[in-house]
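A.B. asks: Structure below; questions to follow.
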Amino acid sequence: MKSKKIRIMETVLRDGHQSILATRMRTSQMLPALEQLDSLGYEALECWGGATFDSCLRFLDEDPWNRLRVLKSHLKNTPLQMLLRGQNLLGYKHYADDVVEAFVAKAKENGIDRIRIFDALNDPRNMEQAIKAGNKCGVHVQGTIVYTISPVHTNDMFVSVAEQLKDMGIDSLCIKDMSGLLAPYDAVSLVQELKKRLGEDMVIDLHSHFTCGLASATYLKAIEAGVDIVDTALSPFGHATSQPATESLVEMLRGTEYDPGLDLDVLRELATYFRGVRNEIAAEFGLTPAHEVLPEVRHYQIPGGMMSNTRNQLKEMGMEDKFFDVMDEMPRVRADLGYPPLVTPTSQIVGTMAMMNVNFMANGLDRYHMAPTEVKDLIRGKYGRLPGPINEDVQKKLIGDEAPITCRPADLVEPELDKYRRELETQGFQGFTDEDVLTYAMFPEVALQFFTKHSQEVVRRQLIIPRD
């Protein structure tokens with residue numbers, strides 16, 4: 001009989017601090033905890049991808065590739081996991097297939113063992129190349145269904161996406177509930193249907209956020225329904241808009257058939273350490289750690305971080321009094337645009353359009369009086385296949401009689417890796433690596449600033465750990 005022992009994927013080195021303190025944890029703040037983290041027997045440690053790449057360059061003055069090598073040199077027993085946005089990689093546009101293949105291969109070479117691949121629209125075509133690249137280089141490939149709620153999102157839709165990902169050759173499946181919308185009994189039916197259609201041997205990992213206050217109960221019911229792995233974050237970087245706290249889940253399951261067997265004494269020591277790190281980050285960057293539970297997120301169907309970002313943006317625009325108008329507008333825009341799940345980059349696209357619409361109406365103009373290129377490109381199909389139909393009037397207003405594309409968006413992108421290499425050469429940089437080229441491809445302006453500041457190789461790679 002298959003063991004019911006639950007496996008834990010720890011997010012404190014990536015999504016934990018991304019969710020609680022804007023991805024500001026430094027590599028130096030991770031180092032003292034690595035030996036203990038490595039000793040616990042986690043399924044994996046998520047430590048790279050998502051917003052960490054951008055944050056390393058933009059805010060922390062670190063080379064993200066070097067961070068990965070440093071972590072790998074200390075974490076000998078536990079697989080290292082990253083989050084990848086499919087054809088978007090770690091940026092906000094679709095990259096050519098040659099860039100995707102190179103990035104995945106270099107991630108593996110520098111220390112990544114497992115890659116969680118998702119697409120904001122749940123379009124398998126946007127994950128296919130990254131899955132192929134992962135299989136080619138031998139990394140563990142975890143395909144992802146992005147969970148959301150809408151009139152068009154059903155278990156059948158989610159399972160259909162998962163079946164296509166299985167056919168593409170994934171090693172495991174993640175249910176990515178980025179807004180904490182998955183309710184406990186909905187989790188039961190979804191996990192049971194996935195196991196039925198994909199087979200009991202398909203390993204399923206549930207990733208949720210505590211934003212709505214549901215995630216711990218959802219995890220418990222999903223575990224009882226047969227989920228294999230759940231994602232948690234050590235308590236100083238858990239709960240609120242992050243994952244349920246690791247120690248709480250271990251306490252919840254202790255002595256049961258699901259007991260993950262993690263040492264609570266070590267977890268408490270780590271929690272004490274990371275509590276200090278949280279205080280250091282908050283003081284250095286003037287940030288207030290996320291701490292609220294926001295049940296209204298399930299009503300508005302948006303990530304908790306998006307709510308706080310929207311509030312800050314409106315304050316800067318002198319529109320703070322329009323916050324709830326914008327919150328009410330977001331589900332309307334989402335419906336008009338075919339119910340895209342709200343995760344990077346679609347959350348930013350929908351949020352921007354909602355704020356613009358509220359501003360238009362406040363000034364006596366119609367909704368969609370103007371729209372950013374990204375909104376028009378979403379309608380054009382350049383981000384992939386939308387889950388539901390687009391409002392015909394909105395489509396006509398924004399792109400006229402232009403026919404949306406129906407092919408895989410990346411099919412329209414010519415190979416571009418050599419182009420990025422040539423651009424770096426024309427900037428006068430010498431001795432740059434393949435990793436540097438990929439960094440430049442992700443964030444050109446930020447990368448150039450970083451390379452210029454650290455132009456001497458010995459300085460720029462002062463923490464480098466030689467490859468074996």
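Convention: chains lettered A, B, ... in structure tokens order; per-chain residue numbering from 1; ligands numbered from 1 as shown.
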Tell me which protein, DNA and RNA residues are within 8 Å of range 419-423 of chain A, counting only C-alpha atoms, leaving out same-chain ones fewer than 2 positions away, and put them as a ChimeraX atom specification.
C.D. replies: /A:416-417,425-427,437,440-441
A.B. asks: Near Leu287 in chain A, counting only C-alpha atoms, which residues have an atom at most 8 Å away, once you skip same-chain residues fewer than 5 positions from it, shown as an MDAnalysis selection string?
C.D. replies: chainID A and resid 21 281:282
A.B. asks: So that I can check the surroundings of Ala162 in chain A, please list as a PyMOL selection string every protein, DNA and RNA residue that reaches within 8 Å of it, counting only C-alpha atoms and ignoring chain neighbours fewer than 5 positions away.
C.D. replies: chain A and resi 143-145+173+194+198
A.B. asks: Skip range 71-73 of chain A itself and residues of its chain fewer than 4 positions away, then list as a ChimeraX atom specification all residues within 12 Å of it, counting only C-alpha atoms.
C.D. replies: /A:13,26-35,37-38,45-48,64-67,77-81,107-113,463-468
A.B. asks: For His17 in chain A, please output as a ChimeraX atom specification all residues within 12 Å (counting only C-alpha atoms; exclusion window: fewer than 4 positions along the same chain).
C.D. replies: /A:10-13,21-26,29-30,46-48,50-52,55,233-243,274-275,277-279,281-282,287,289-290
A.B. asks: Enumerate the residues of range 125-298 of chain A with a DSSP assignment of alpha helix (DSSP H), computed from the backbone, and present them as a PyMOL selection string.
C.D. replies: chain A and resi 125-137+155-168+184-198+215-225+246-253+264-285+297-298
A.B. asks: My list of candidates is A:Phe210, A:Tyr147, A:Phe59, A:Tyr368. Which is closest to Val293 in chain A when distances are computed with only C-alpha atoms?
C.D. replies: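 When distances to Val293 in chain A are compared using only C-alpha atoms, the smallest one comes from A:Phe210.
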A.B. asks: Can you pull out every residue within 12 Å of Tyr219 in chain A, counting only C-alpha atoms, but drop anything in the same chain fewer than 6 positions away, and send it as an NGL selection string?
C.D. replies: :A and (6-8 or 175 or 177 or 180 or 182-188 or 191 or 205-210 or 213 or 225-232 or 243-246 or 248-250 or 252-253 or 258)
A.B. asks: Taking 5 positions as the minimum chain separation for residues in the same chain, which residues sit within 9 Å of Arg58 in chain A when counting only C-alpha atoms? Answer as a list in words.
C.D. replies: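 My reading of the contact set: Phe53, Val446, Ala447 and Phe450 of chain A.
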A.B. asks: In Å, with one decimal, what is the gap from CA of Leu214 in chain A to CA of Ile149 in chain A?
C.D. replies: 14.5 Å
A.B. asks: Which residue is closest to Leu386 in chain A? Choose from A:Asp259, A:Asp171, A:Asp336, A:Glu163 and count only C-alpha atoms.
C.D. replies: A:Asp336
A.B. asks: Which of range 152-202 of chain A end up as strand (DSSP E or B) when DSSP is run on this backbone - answer as a list in words?
C.D. replies: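 Strand (DSSP E or B) members of range 152-202 of chain A, listed: Ser172, Leu173, Cys174, Ile175, Lys176 and Asp177 of chain A.
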A.B. asks: Write to file, as a compact mmCIF listing (two decimals), in the first residue's frame, the residues of the selection just made, with all heavy atoms.
C.D. replies:
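Written out: again-v3.txt:
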```txt
# COMPACT_ATOMS: atom_id res chain seq x y z
N SER A 172 5.96 15.47 -12.24
CA SER A 172 4.99 15.66 -11.17
C SER A 172 4.13 16.86 -11.53
O SER A 172 4.41 17.58 -12.49
CB SER A 172 5.68 15.88 -9.81
OG SER A 172 6.48 17.04 -9.83
N LEU A 173 3.06 17.06 -10.76
CA LEU A 173 2.10 18.13 -11.05
C LEU A 173 1.92 19.01 -9.82
O LEU A 173 1.82 18.52 -8.70
CB LEU A 173 0.75 17.54 -11.45
CG LEU A 173 -0.35 18.56 -11.75
CD1 LEU A 173 -0.14 19.19 -13.12
CD2 LEU A 173 -1.74 17.92 -11.66
N CYS A 174 1.87 20.32 -10.04
CA CYS A 174 1.58 21.26 -8.96
C CYS A 174 0.23 21.93 -9.20
O CYS A 174 -0.07 22.36 -10.31
CB CYS A 174 2.66 22.33 -8.88
SG CYS A 174 2.32 23.64 -7.67
N ILE A 175 -0.57 22.03 -8.15
CA ILE A 175 -1.75 22.89 -8.14
C ILE A 175 -1.28 24.20 -7.51
O ILE A 175 -0.99 24.26 -6.31
CB ILE A 175 -2.90 22.30 -7.30
CG1 ILE A 175 -3.28 20.91 -7.81
CG2 ILE A 175 -4.11 23.24 -7.32
CD1 ILE A 175 -4.22 20.16 -6.85
N LYS A 176 -1.16 25.23 -8.32
CA LYS A 176 -0.63 26.52 -7.84
C LYS A 176 -1.78 27.47 -7.54
O LYS A 176 -2.38 28.06 -8.43
CB LYS A 176 0.30 27.13 -8.90
CG LYS A 176 0.91 28.48 -8.52
CD LYS A 176 1.86 28.96 -9.61
CE LYS A 176 2.34 30.38 -9.39
NZ LYS A 176 3.07 30.55 -8.11
N ASP A 177 -2.08 27.59 -6.27
CA ASP A 177 -3.18 28.44 -5.80
C ASP A 177 -2.59 29.74 -5.26
O ASP A 177 -2.47 29.95 -4.06
CB ASP A 177 -3.97 27.68 -4.72
CG ASP A 177 -5.10 28.49 -4.11
OD1 ASP A 177 -5.60 29.41 -4.80
OD2 ASP A 177 -5.46 28.20 -2.96
```
A.B. asks: With distances taken over only C-alpha atoms, which of A:Ala371, A:Arg268, A:Ala217, A:Tyr273 is nearest to Val394 in chain A?
C.D. replies: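 Checking each of A:Ala371, A:Arg268, A:Ala217, A:Tyr273 against Val394 in chain A, counting only C-alpha atoms, the winner is A:Ala371.
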A.B. asks: Would you mind telling me which residue in A:Met327, A:Cys137, A:Leu337, A:Leu412 lies nearest to Ile390 in chain A when using only C-alpha atoms?
C.D. replies: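 Distance minimum relative to Ile390 in chain A lands on A:Leu337.
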A.B. asks: Report, in Å with one decimal, the straight-line distance from CA of Leu262 in chain A to CA of Gly41 in chain A.
C.D. replies: 6.9 Å
